[in-house]
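Note: the block below is model_27.cif and it holds mmCIF, C-alpha atoms.
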```
data_work
#
loop_
_atom_site.label_atom_id
_atom_site.label_comp_id
_atom_site.auth_asym_id
_atom_site.auth_seq_id
_atom_site.Cartn_x
_atom_site.Cartn_y
_atom_site.Cartn_z
CA MET A 1 51.51 106.85 137.22
CA LEU A 2 54.98 105.90 138.39
CA VAL A 3 57.73 108.36 137.49
CA ALA A 4 61.44 107.75 136.96
CA MET A 5 63.91 110.55 136.27
CA THR A 6 66.95 110.47 134.02
CA ILE A 7 69.80 112.91 134.57
CA ALA A 8 71.71 112.56 131.33
CA GLY A 9 72.88 114.03 128.07
CA SER A 10 70.89 114.46 124.88
CA ASP A 11 71.85 112.41 121.82
CA SER A 12 70.91 114.20 118.60
CA SER A 13 70.77 110.85 116.75
CA GLY A 14 68.15 109.58 119.23
CA GLY A 15 69.96 106.30 119.86
CA ALA A 16 71.43 106.79 123.32
CA GLY A 17 71.32 109.23 126.21
CA LEU A 18 68.04 110.52 127.57
CA GLN A 19 66.29 109.56 124.33
CA ALA A 20 67.09 105.87 124.95
CA ASP A 21 66.20 106.28 128.64
CA LEU A 22 62.72 107.60 127.88
CA LYS A 23 62.05 104.71 125.49
CA ALA A 24 63.12 102.20 128.15
CA PHE A 25 60.94 103.88 130.78
CA ALA A 26 57.97 103.87 128.42
CA SER A 27 58.42 100.18 127.59
CA GLU A 28 58.03 99.45 131.31
CA GLY A 29 54.95 101.64 131.67
CA VAL A 30 56.81 104.30 133.66
CA HIS A 31 56.67 108.03 132.94
CA GLY A 32 60.06 109.66 132.37
CA ALA A 33 61.17 113.02 133.76
CA VAL A 34 64.38 114.62 132.54
CA ALA A 35 67.25 116.75 133.73
CA ILE A 36 69.56 117.46 130.78
CA THR A 37 73.28 117.67 131.58
CA ALA A 38 74.70 118.24 128.11
CA ILE A 39 73.63 118.63 124.52
CA THR A 40 75.64 116.54 122.09
CA ALA A 41 75.88 116.85 118.34
CA GLN A 42 76.39 113.24 117.31
CA ASN A 43 75.35 110.61 114.82
CA THR A 44 76.03 106.91 114.34
CA GLN A 45 79.65 107.57 113.33
CA ARG A 46 80.99 110.34 115.57
CA VAL A 47 80.42 112.89 118.33
CA ALA A 48 80.80 116.23 116.57
CA GLY A 49 80.34 118.48 119.57
CA ILE A 50 79.34 118.70 123.24
CA HIS A 51 77.75 121.66 125.02
CA ALA A 52 77.58 121.02 128.77
CA LEU A 53 75.00 122.91 130.80
CA PRO A 54 76.14 124.81 133.90
CA PRO A 55 75.73 122.71 137.07
CA GLU A 56 73.20 125.20 138.46
CA GLN A 57 70.98 124.71 135.40
CA VAL A 58 71.12 120.93 135.86
CA LEU A 59 70.13 121.38 139.50
CA ALA A 60 67.31 123.75 138.56
CA GLN A 61 65.77 121.00 136.41
CA ILE A 62 66.08 118.45 139.21
CA ASP A 63 64.57 120.90 141.72
CA ALA A 64 61.66 121.71 139.42
CA VAL A 65 60.79 118.03 139.02
CA LEU A 66 61.20 117.03 142.65
CA GLU A 67 59.19 119.92 144.08
CA ASP A 68 56.12 118.85 142.10
CA VAL A 69 56.47 115.17 141.17
CA HIS A 70 56.89 112.02 143.23
CA VAL A 71 59.91 110.33 141.61
CA SER A 72 60.10 106.61 142.40
CA ALA A 73 63.61 106.06 141.01
CA ALA A 74 66.34 107.97 139.17
CA LYS A 75 69.35 107.26 137.03
CA THR A 76 72.37 109.23 135.97
CA GLY A 77 73.92 108.83 132.56
CA MET A 78 76.28 111.23 130.83
CA LEU A 79 77.29 113.83 133.44
CA TYR A 80 80.32 115.00 131.44
CA SER A 81 82.22 116.88 134.16
CA GLY A 82 83.27 116.44 137.74
CA ALA A 83 81.49 119.68 138.58
CA ILE A 84 78.13 118.38 137.35
CA ALA A 85 78.64 114.98 138.99
CA ARG A 86 79.48 116.54 142.37
CA ALA A 87 76.53 118.92 142.17
CA VAL A 88 74.13 116.05 141.38
CA ALA A 89 75.57 113.90 144.17
CA LYS A 90 75.13 116.72 146.70
CA ARG A 91 71.55 117.40 145.57
CA LEU A 92 70.43 113.76 145.70
CA ARG A 93 72.33 112.74 148.83
CA ASP A 94 69.37 113.29 151.17
CA GLU A 95 66.65 112.14 148.78
CA ARG A 96 65.20 108.69 149.48
CA ILE A 97 65.16 107.69 145.82
CA PRO A 98 66.67 104.48 144.40
CA LEU A 99 69.52 105.71 142.20
CA VAL A 100 71.18 103.92 139.29
CA VAL A 101 74.57 105.43 138.45
CA ASP A 102 75.79 104.67 134.94
CA PRO A 103 79.30 106.21 134.74
CA VAL A 104 79.15 107.11 131.04
CA MET A 105 82.54 108.08 129.66
CA VAL A 106 82.60 106.99 126.00
CA ALA A 107 79.89 106.98 123.31
CA GLY A 108 78.94 103.84 121.43
CA VAL A 109 80.77 105.26 118.40
CA GLY A 110 83.98 105.36 120.44
CA ASP A 111 84.31 109.11 121.10
CA GLY A 112 84.72 110.53 124.58
CA LEU A 113 81.76 111.92 126.54
CA SER A 114 83.51 113.11 129.68
CA LEU A 115 86.22 115.35 131.07
CA SER A 116 89.17 113.84 132.92
CA ASP A 117 87.84 114.88 136.33
CA LEU A 118 84.59 112.90 136.04
CA ALA A 119 86.04 109.60 137.28
CA ASP A 120 87.24 111.18 140.54
CA ALA A 121 83.81 112.70 141.19
CA VAL A 122 82.05 109.38 140.54
CA ARG A 123 84.55 107.50 142.67
CA ASP A 124 84.59 110.00 145.55
CA GLU A 125 80.98 111.17 145.78
CA LEU A 126 78.43 109.75 143.35
CA ALA A 127 79.11 106.04 143.88
CA ALA A 128 78.56 106.48 147.61
CA ILE A 129 74.87 107.38 147.13
CA ALA A 130 74.15 104.84 144.38
CA THR A 131 71.72 101.98 144.81
CA VAL A 132 73.54 100.28 141.96
CA LEU A 133 76.61 101.28 139.96
CA THR A 134 76.56 100.01 136.36
CA PRO A 135 79.94 100.40 134.65
CA ASN A 136 81.06 98.48 131.61
CA ILE A 137 84.53 96.97 131.77
CA PRO A 138 86.42 99.98 130.30
CA GLU A 139 84.59 102.32 132.71
CA ALA A 140 85.33 100.04 135.64
CA GLU A 141 89.01 100.03 134.66
CA VAL A 142 89.06 103.84 134.71
CA LEU A 143 87.37 103.95 138.11
CA LEU A 144 89.77 101.36 139.54
CA GLY A 145 92.91 102.52 137.74
CA ARG A 146 93.77 99.02 136.53
CA THR A 147 92.89 96.49 133.84
CA ILE A 148 90.30 93.76 134.29
CA ALA A 149 91.13 90.41 132.71
CA GLY A 150 89.10 87.24 133.17
CA GLU A 151 86.21 86.13 135.36
CA ASP A 152 88.05 86.13 138.68
CA ASP A 153 89.41 89.61 138.02
CA ALA A 154 85.91 90.84 137.14
CA MET A 155 84.52 89.50 140.41
CA GLU A 156 87.29 91.18 142.38
CA ALA A 157 86.59 94.42 140.48
CA CYS A 158 82.95 94.23 141.62
CA ARG A 159 84.08 93.92 145.22
CA GLU A 160 86.43 96.90 144.89
CA LEU A 161 83.78 99.03 143.20
CA SER A 162 81.25 98.12 145.88
CA ALA A 163 83.69 99.40 148.47
CA LEU A 164 83.20 102.87 146.99
CA GLY A 165 79.83 102.88 148.77
CA SER A 166 77.12 101.71 146.36
CA GLU A 167 74.62 99.15 147.56
CA ALA A 168 75.31 96.98 144.52
CA VAL A 169 77.48 96.82 141.41
CA LEU A 170 76.37 95.55 138.01
CA LEU A 171 79.46 95.03 135.86
CA LYS A 172 78.40 94.83 132.22
CA GLY A 173 80.20 92.29 130.05
CA GLY A 174 79.45 93.68 126.62
CA HIS A 175 83.06 94.74 126.02
CA ALA A 176 84.55 91.34 126.96
CA GLU A 177 85.47 88.65 124.47
CA GLY A 178 83.78 85.32 123.81
CA PRO A 179 80.54 83.89 122.40
CA THR A 180 78.50 84.80 125.49
CA CYS A 181 77.92 88.08 127.28
CA ARG A 182 78.17 87.79 131.06
CA ASP A 183 76.90 90.55 133.33
CA LEU A 184 77.86 90.29 137.01
CA LEU A 185 75.65 91.65 139.80
CA PHE A 186 77.34 91.92 143.19
CA HIS A 187 74.93 92.60 146.05
CA GLU A 188 75.17 91.85 149.77
CA GLY A 189 78.27 89.76 149.23
CA ARG A 190 76.67 87.52 146.59
CA PHE A 191 77.14 87.30 142.84
CA THR A 192 74.36 86.82 140.30
CA VAL A 193 75.57 85.92 136.82
CA MET A 194 73.35 86.87 133.87
CA GLU A 195 74.51 85.25 130.66
CA HIS A 196 73.20 85.21 127.11
CA ALA A 197 74.52 84.74 123.58
CA ARG A 198 76.58 87.69 122.45
CA VAL A 199 75.11 89.77 119.64
CA PRO A 200 78.07 90.54 117.33
CA ILE A 201 77.51 94.28 117.01
CA ARG A 202 78.92 97.41 118.53
CA GLY A 203 75.53 98.85 119.44
CA HIS A 204 74.56 102.40 120.33
CA GLY A 205 72.58 102.98 123.52
CA GLY A 206 72.73 99.56 125.17
CA GLY A 207 74.32 100.77 128.40
CA CYS A 208 71.90 103.68 128.71
CA ALA A 209 68.92 101.38 128.13
CA LEU A 210 70.09 98.85 130.74
CA ALA A 211 70.47 101.53 133.43
CA ALA A 212 67.07 102.98 132.50
CA PHE A 213 65.41 99.55 132.61
CA LEU A 214 66.95 99.09 136.06
CA ALA A 215 65.60 102.44 137.28
CA ALA A 216 62.14 101.65 135.90
CA ASN A 217 62.03 98.24 137.57
CA LEU A 218 63.21 99.68 140.88
CA ALA A 219 60.49 102.34 140.56
CA LYS A 220 57.98 99.51 140.20
CA GLY A 221 59.12 98.05 143.51
CA HIS A 222 61.11 95.04 142.32
CA SER A 223 63.98 93.82 144.46
CA LEU A 224 67.42 94.72 143.22
CA GLU A 225 68.18 91.19 142.03
CA ASP A 226 64.81 90.83 140.32
CA ALA A 227 65.14 94.28 138.73
CA ALA A 228 68.60 93.36 137.39
CA ILE A 229 67.41 90.06 135.90
CA ARG A 230 64.37 91.67 134.30
CA SER A 231 66.46 94.54 132.94
CA ASN A 232 69.10 92.19 131.57
CA GLU A 233 66.41 90.30 129.66
CA SER A 234 64.91 93.54 128.34
CA VAL A 235 68.24 94.90 127.11
CA ARG A 236 69.05 91.53 125.51
CA HIS A 237 65.98 91.94 123.31
CA ALA A 238 66.78 95.61 122.73
CA VAL A 239 70.28 94.79 121.48
CA ALA A 240 69.17 91.80 119.41
CA ASP A 241 66.51 93.94 117.72
CA ASN A 242 68.98 96.70 116.82
CA TYR A 243 68.46 98.57 113.57
CA PRO A 244 70.55 100.88 111.39
CA ILE A 245 69.63 104.54 111.00
CA GLY A 246 72.87 105.79 109.48
CA HIS A 247 76.20 104.60 108.13
CA GLY A 248 77.80 103.84 111.51
CA VAL A 249 76.89 101.67 114.47
CA PRO A 250 73.29 100.44 114.72
CA VAL A 251 71.07 101.65 117.56
CA VAL A 252 69.48 99.36 120.11
CA ASN A 253 65.71 99.21 120.39
CA PRO A 254 64.43 99.66 123.97
CA LEU A 255 60.86 99.42 122.67
CA SER A 256 61.42 96.03 121.06
CA ARG A 257 59.14 94.15 123.47
CA LEU A 258 56.28 96.58 122.87
CA TYR A 259 56.82 96.34 119.12
CA ARG A 260 56.89 92.55 119.38
CA SER A 261 53.63 92.46 121.33
CA ALA A 262 51.88 94.71 118.82
CA SER A 263 53.34 92.82 115.85
CA SER A 264 52.40 89.44 117.36
CA HIS A 265 48.71 90.33 117.39
CA GLU A 266 48.80 91.66 113.83
CA VAL A 267 50.77 88.67 112.55
CA SER A 268 48.39 86.19 114.22
CA GLU A 269 45.26 87.87 112.85
CA LYS A 270 46.61 88.10 109.30
CA LEU A 271 47.81 84.50 109.25
CA LEU A 272 44.56 83.09 110.61
CA GLY A 273 42.47 84.97 108.07
CA ALA A 274 44.75 83.93 105.22
CA ALA A 275 44.81 80.29 106.35
CA ARG A 276 41.00 80.13 106.33
CA GLU A 277 40.92 81.53 102.82
CA ALA A 278 43.73 79.22 101.68
CA ALA A 279 41.77 76.17 102.91
CA CYS A 280 38.81 77.33 100.80
CA LEU A 281 40.98 77.92 97.73
CA MET A 282 43.10 74.76 97.71
CA PRO A 283 42.02 71.54 96.04
CA GLY A 284 42.31 68.66 98.47
CA ASP A 285 45.01 66.95 96.42
CA TRP A 286 47.23 70.02 96.75
CA VAL A 287 47.59 69.49 100.51
CA ALA A 288 51.13 68.45 101.31
CA GLN A 289 51.84 65.00 102.69
CA GLY A 290 51.27 65.22 106.44
CA GLY A 291 49.34 68.48 106.04
CA THR A 292 49.92 71.96 104.67
CA GLU A 293 51.72 74.38 106.94
CA PHE A 294 51.36 78.15 106.67
CA VAL A 295 53.59 80.58 108.58
CA TYR A 296 54.19 84.30 109.07
CA ALA A 297 57.27 85.60 110.87
CA LEU A 298 57.70 88.62 113.08
CA PRO A 299 60.05 91.30 111.69
CA SER A 300 63.65 90.35 112.47
CA ALA A 301 62.58 86.83 113.48
CA ARG A 302 65.49 84.85 114.94
CA GLY A 303 63.95 81.47 115.63
CA THR A 304 60.90 79.25 115.98
CA ARG A 305 59.31 81.33 118.76
CA ASP A 306 59.24 84.36 116.44
CA ILE A 307 57.28 82.60 113.69
CA CYS A 308 53.49 82.23 113.85
CA ALA A 309 52.22 78.94 112.47
CA LEU A 310 49.07 76.87 112.28
CA GLU A 311 48.34 74.96 115.50
CA ALA A 312 47.48 72.03 113.23
CA PRO A 313 48.22 71.92 109.49
CA ILE A 314 45.57 72.17 106.78
CA VAL A 315 44.48 68.61 105.93
CA SER A 316 42.58 66.95 103.09
CA ARG A 317 39.15 65.50 103.93
CA SER A 318 36.86 64.04 101.27
CA GLY A 319 38.82 65.80 98.55
CA ARG A 320 38.64 69.19 100.24
CA ALA A 321 41.18 71.18 102.25
CA LEU A 322 40.24 71.76 105.89
CA LEU A 323 41.72 74.05 108.54
CA PRO A 324 41.24 72.16 111.84
CA ALA A 325 42.59 74.72 114.35
CA GLY A 326 43.91 78.23 114.90
CA VAL A 327 47.39 79.74 115.00
CA ALA A 328 50.17 80.01 117.58
CA PHE A 329 53.82 80.98 117.70
CA GLY A 330 56.25 78.11 117.23
CA ALA A 331 56.74 76.92 113.66
CA SER A 332 58.05 73.52 112.66
CA PRO A 333 61.83 73.23 112.19
CA ARG A 334 61.41 72.89 108.43
CA MET A 335 59.18 75.94 108.09
CA THR A 336 61.50 77.88 110.38
CA ALA A 337 64.38 76.91 108.11
CA ILE A 338 62.53 78.03 104.98
CA ILE A 339 61.59 81.44 106.41
CA ARG A 340 65.00 82.02 107.97
CA ALA A 341 66.67 81.23 104.66
CA ALA A 342 64.39 83.62 102.78
CA MET A 343 64.74 86.40 105.37
CA ALA A 344 68.51 86.03 105.37
CA ARG A 345 68.46 87.23 101.73
CA ASP A 346 65.46 89.57 101.96
CA GLY A 347 64.19 90.51 105.42
CA GLY A 348 60.76 91.31 104.00
CA MET A 349 60.06 87.73 102.84
CA ARG A 350 58.27 86.60 106.01
CA SER A 351 55.51 84.20 104.97
CA ALA A 352 55.28 80.77 103.33
CA ILE A 353 52.81 77.96 102.69
CA GLY A 354 53.67 74.34 101.84
CA LEU A 355 51.85 72.58 98.99
CA ARG A 356 52.17 69.15 97.45
CA HIS A 357 54.63 69.54 94.58
CA SER A 358 53.58 67.84 91.36
CA PRO A 359 54.22 68.24 87.62
CA GLU A 360 50.84 70.01 87.41
CA THR A 361 51.60 72.62 90.06
CA ALA A 362 55.11 73.08 88.63
CA ALA A 363 53.62 73.72 85.17
CA ARG A 364 51.04 76.13 86.58
CA LEU A 365 53.82 78.03 88.37
CA THR A 366 55.77 78.39 85.13
CA ASP A 367 52.68 79.45 83.18
CA THR A 368 51.97 82.28 85.62
CA GLY A 369 55.51 83.62 85.20
CA MET A 370 56.56 82.81 88.76
CA ARG A 371 59.97 81.37 89.49
CA ALA A 372 60.95 78.41 91.64
CA LEU A 373 64.28 77.02 92.86
CA PRO A 374 65.07 73.56 94.22
CA ILE A 375 66.06 73.09 97.86
CA LYS A 376 69.60 71.81 97.49
CA ARG A 377 71.02 71.11 100.93
CA VAL A 378 71.04 72.14 104.56
CA SER A 379 73.56 74.85 105.36
CA ILE A 380 74.38 77.29 108.16
CA ILE A 381 72.78 80.73 107.95
CA GLU A 382 73.48 83.13 110.84
CA GLY A 383 74.49 80.28 113.11
CA GLU A 384 71.35 78.15 112.68
CA ASN A 385 70.51 75.19 110.49
CA SER A 386 68.60 76.55 107.53
CA THR A 387 67.60 75.35 104.11
CA ASP A 388 69.76 76.53 101.23
CA THR A 389 67.39 77.65 98.48
CA GLY A 390 70.17 78.40 96.05
CA LEU A 391 69.70 82.14 96.47
CA ASN A 392 73.40 82.76 97.00
CA ALA A 393 74.09 81.77 93.43
CA ARG A 394 70.92 83.16 91.84
CA GLY A 395 70.84 86.49 93.68
CA PHE A 396 67.05 86.75 94.03
CA VAL A 397 64.29 85.44 96.27
CA PRO A 398 62.07 83.14 94.18
CA ASP A 399 58.30 82.87 94.37
CA ALA A 400 58.67 79.26 95.50
CA VAL A 401 61.18 76.61 96.51
CA PHE A 402 60.63 72.87 96.28
CA GLY A 403 62.15 69.61 97.44
CA LEU A 404 61.52 66.32 99.24
CA LEU A 405 60.08 66.26 102.76
CA GLY A 406 62.37 63.33 103.48
CA PRO A 407 63.42 59.90 102.21
CA GLY A 408 60.48 58.10 100.71
CA LYS A 409 58.15 61.09 101.10
CA ALA A 410 56.38 63.27 98.57
CA SER A 411 57.87 66.48 97.23
CA VAL A 412 56.65 69.78 98.67
CA MET A 413 56.59 73.28 97.19
CA TYR A 414 56.74 76.36 99.43
CA LEU A 415 55.16 79.54 98.11
CA LEU A 416 56.97 82.57 99.55
CA GLY A 417 55.67 86.07 100.13
CA ARG A 418 56.16 89.22 102.14
CA ASP A 419 52.96 88.51 104.07
CA PRO A 420 50.11 85.97 103.97
CA GLY A 421 48.19 88.20 101.58
CA GLU A 422 50.97 88.00 98.99
CA VAL A 423 51.19 84.24 99.47
CA LEU A 424 47.42 84.00 98.91
CA ASP A 425 47.71 86.05 95.71
CA LYS A 426 50.25 83.55 94.38
CA LEU A 427 48.06 80.64 95.44
CA ARG A 428 45.08 82.17 93.59
CA LYS A 429 47.17 82.45 90.44
CA LEU A 430 48.02 78.75 90.67
CA VAL A 431 44.45 77.64 91.41
CA GLU A 432 42.85 79.82 88.73
#
```
Full structure transcribed into structure tokens:
Amino acid sequence: MLVAMTIAGSDSSGGAGLQADLKAFASEGVHGAVAITAITAQNTQRVAGIHALPPEQVLAQIDAVLEDVHVSAAKTGMLYSGAIARAVAKRLRDERIPLVVDPVMVAGVGDGLSLSDLADAVRDELAAIATVLTPNIPEAEVLLGRTIAGEDDAMEACRELSALGSEAVLLKGGHAEGPTCRDLLFHEGRFTVMEHARVPIRGHGGGCALAAFLAANLAKGHSLEDAAIRSNESVRHAVADNYPIGHGVPVVNPLSRLYRSASSHEVSEKLLGAAREAACLMPGDWVAQGGTEFVYALPSARGTRDICALEAPIVSRSGRALLPAGVAFGASPRMTAIIRAAMARDGGMRSAIGLRHSPETAARLTDTGMRALPIKRVSIIEGENSTDTGLNARGFVPDAVFGLLGPGKASVMYLLGRDPGEVLDKLRKLVE
């Protein structure tokens, strides 16, 4: 089992620090060892207190791990003081371990996590033994003693930081402005730009997770550039899949890819079973024009790739409904729009099936006490084209929405539910 070590502070809220590091290590299949530098009392709104361990106690933890365990990579996070940073640099100087140095100075909530002498220790001693230095823009400004404005300035900052002695510099762009987040890797005189859509949150633990992903990928033997690209992709998912645990900033989710993998299997199995049963339940003339689609979204689905759908829609053959294929991720634009619209109002409403809409089905829906709303128009929900179900005005998620598939086409009704089982229950009510 590969082992990576984090030398960092403890976050009592579990969102950042060594807690985030261990999640990131685990998501990469790497065991995490720990040397605690400080114990913080913090939550999603503030840092209430910091108790730094004596440097000799930090070193004792490192010694205990290294004398018994083969560590394939290490990272430093919150070191708090110049004394701890210098002690760690001296201890690791002669170790042949890839080292990621994340010069943590401020918590995600905005409160300080370092003494004023930390920057000098990082600049003078720790950066010189780093495989890669990973400051965000405010941290880089502290290390350089100047502001960083614009792309050209950021590239020059990478060169200046590299001159401190690290093999590479990864300048994180999360604190910059603009619709995209651009991280710059400077290594062997070359720049690698990693860009993705900015998630409009002030997240907790993103920087820690990125450095930990880097350490884990270096432990696995990836080249520095490959490790950076892989880690950037992993932290992108972690930030996008953030979740609230308190009243302040949300925490990032370093385990998001593992959760997605586990959820994908569950979602696929549930949808396939429900689709088979739906085909047995439905009269053939209830199949929508062009076929009946049935979908089930992953939690926090953001687009088509996050929504499991039928590989081929349920069709009508000889008056009976027939399911011709299995399921796969990648729903149709219309079904994606329906689910995204429902989830925008209630994140639990993740499944839908499309039926031919007729006066008979509309009457059956009313008789069962279920509620339906017409699809009124296409609008923008969270930056994507989605179908407006009228929920803004009505303030509830209906059991169904209905409207035309297109000019000259038949009307379709979409039964909505929290999962395929709930959709099936509503379908049974209509059929019975």
Do you know which residues are at most 10 Å from Arg236 (chain A) counting all atoms listed in the file, after dropping those on the same chain fewer than 4 positions away, and could you put them as a list in words?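 Counting all atoms listed in the file, the residues come to Cys181, Glu195, His196, Ala197, Arg198, Val199, Gly206, Leu210, Arg230, Ser231, Asn232, Ala240, Asp241, Val252, Asn253, Pro254 and Ser256 of chain A.
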If you count only C-alpha atoms, the residue of A:Leu143, A:Val122, A:Val101, A:Val239 closest to Glu167 (chain A) turns out to be A:Val101
Could you please determine the separation between CA of Ala74 (chain A) and CA of Met5 (chain A) in Å, to one decimal place?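 Between CA of Ala74 (chain A) and CA of Met5 (chain A) the gap works out to 4.6 Å.
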Taking a cut-off of 7 Å and counting all atoms listed in the file, can you build a table that, for each residue of region 143-209 of chain A near region 6-24 of chain A, reports the nearest atom pair and how far apart they are in Å (one decimal), sorted by chain then residue number, as a Markdown table?
```
| residue | atom | partner | partner_atom | distance |
| --- | --- | --- | --- | --- |
| A:His204 | CA | A:Gly15 | CA | 6.0 |
| A:Gly205 | CA | A:Ala16 | CA | 4.0 |
| A:Cys208 | CA | A:Gly17 | CA | 6.1 |
| A:Ala209 | CA | A:Asp21 | CA | 5.6 |
```
Evaluate the PyMOL selection byres ((chain A and resi 351) around 8) here and jot the selected residues down as a ChimeraX atom specification. /A:294-297,339,349-350,352-353,416-420,423
Could you tell me how far CA of Ala372 (chain A) lies from CA of Met335 (chain A), in Å and to one decimal?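 Interatomic distance here is 16.7 Å.
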Counting only C-alpha atoms, which of A:Ala278, A:Leu118, A:Leu271, A:Val71 gets nearest to Phe329 (chain A)?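 Once distances to Phe329 (chain A) are computed over only C-alpha atoms, the minimum belongs to A:Leu271.
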Name the closest residue to Leu298 (chain A) among the candidates A:Val267, A:Ile229, A:Ala168, A:Ile375; distances are taken between atoms, counting only C-alpha atoms.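 Among A:Val267, A:Ile229, A:Ala168, A:Ile375, it is A:Val267 that comes nearest to Leu298 (chain A).
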Limit the output to C-alpha atoms and give region 161-197 of chain A as a compact mmCIF listing (two decimals), in the first residue's frame.
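To be explicit, this is the file written out as part-v4.txt:
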```txt
# COMPACT_ATOMS: atom_id res chain seq x y z
CA LEU A 161 8.75 31.86 -6.80
CA SER A 162 10.62 29.12 -8.65
CA ALA A 163 13.83 31.02 -8.02
CA LEU A 164 13.33 30.32 -4.30
CA GLY A 165 14.46 26.76 -5.08
CA SER A 166 11.40 24.57 -5.68
CA GLU A 167 11.40 22.25 -8.66
CA ALA A 168 8.04 23.60 -9.78
CA VAL A 169 5.40 26.17 -8.84
CA LEU A 170 1.65 25.69 -9.13
CA LEU A 171 -0.02 29.09 -8.75
CA LYS A 172 -3.69 28.56 -7.93
CA GLY A 173 -6.16 30.93 -9.58
CA GLY A 174 -9.13 30.49 -7.29
CA HIS A 175 -8.81 33.99 -5.84
CA ALA A 176 -8.63 35.73 -9.24
CA GLU A 177 -11.59 37.30 -10.99
CA GLY A 178 -13.44 36.13 -14.09
CA PRO A 179 -15.70 33.30 -15.27
CA THR A 180 -12.86 30.78 -15.47
CA CYS A 181 -10.34 29.57 -12.93
CA ARG A 182 -6.81 29.33 -14.31
CA ASP A 183 -4.09 27.45 -12.45
CA LEU A 184 -0.53 27.92 -13.72
CA LEU A 185 2.12 25.20 -13.42
CA PHE A 186 5.69 26.38 -14.04
CA HIS A 187 8.18 23.54 -14.42
CA GLU A 188 11.52 23.36 -16.22
CA GLY A 189 10.94 26.73 -17.82
CA ARG A 190 7.55 25.78 -19.29
CA PHE A 191 4.02 26.78 -18.36
CA THR A 192 1.02 24.45 -18.26
CA VAL A 193 -2.33 26.22 -18.00
CA MET A 194 -5.20 24.32 -16.38
CA GLU A 195 -8.51 26.09 -16.88
CA HIS A 196 -12.09 25.29 -15.97
CA ALA A 197 -15.34 27.13 -15.27
```
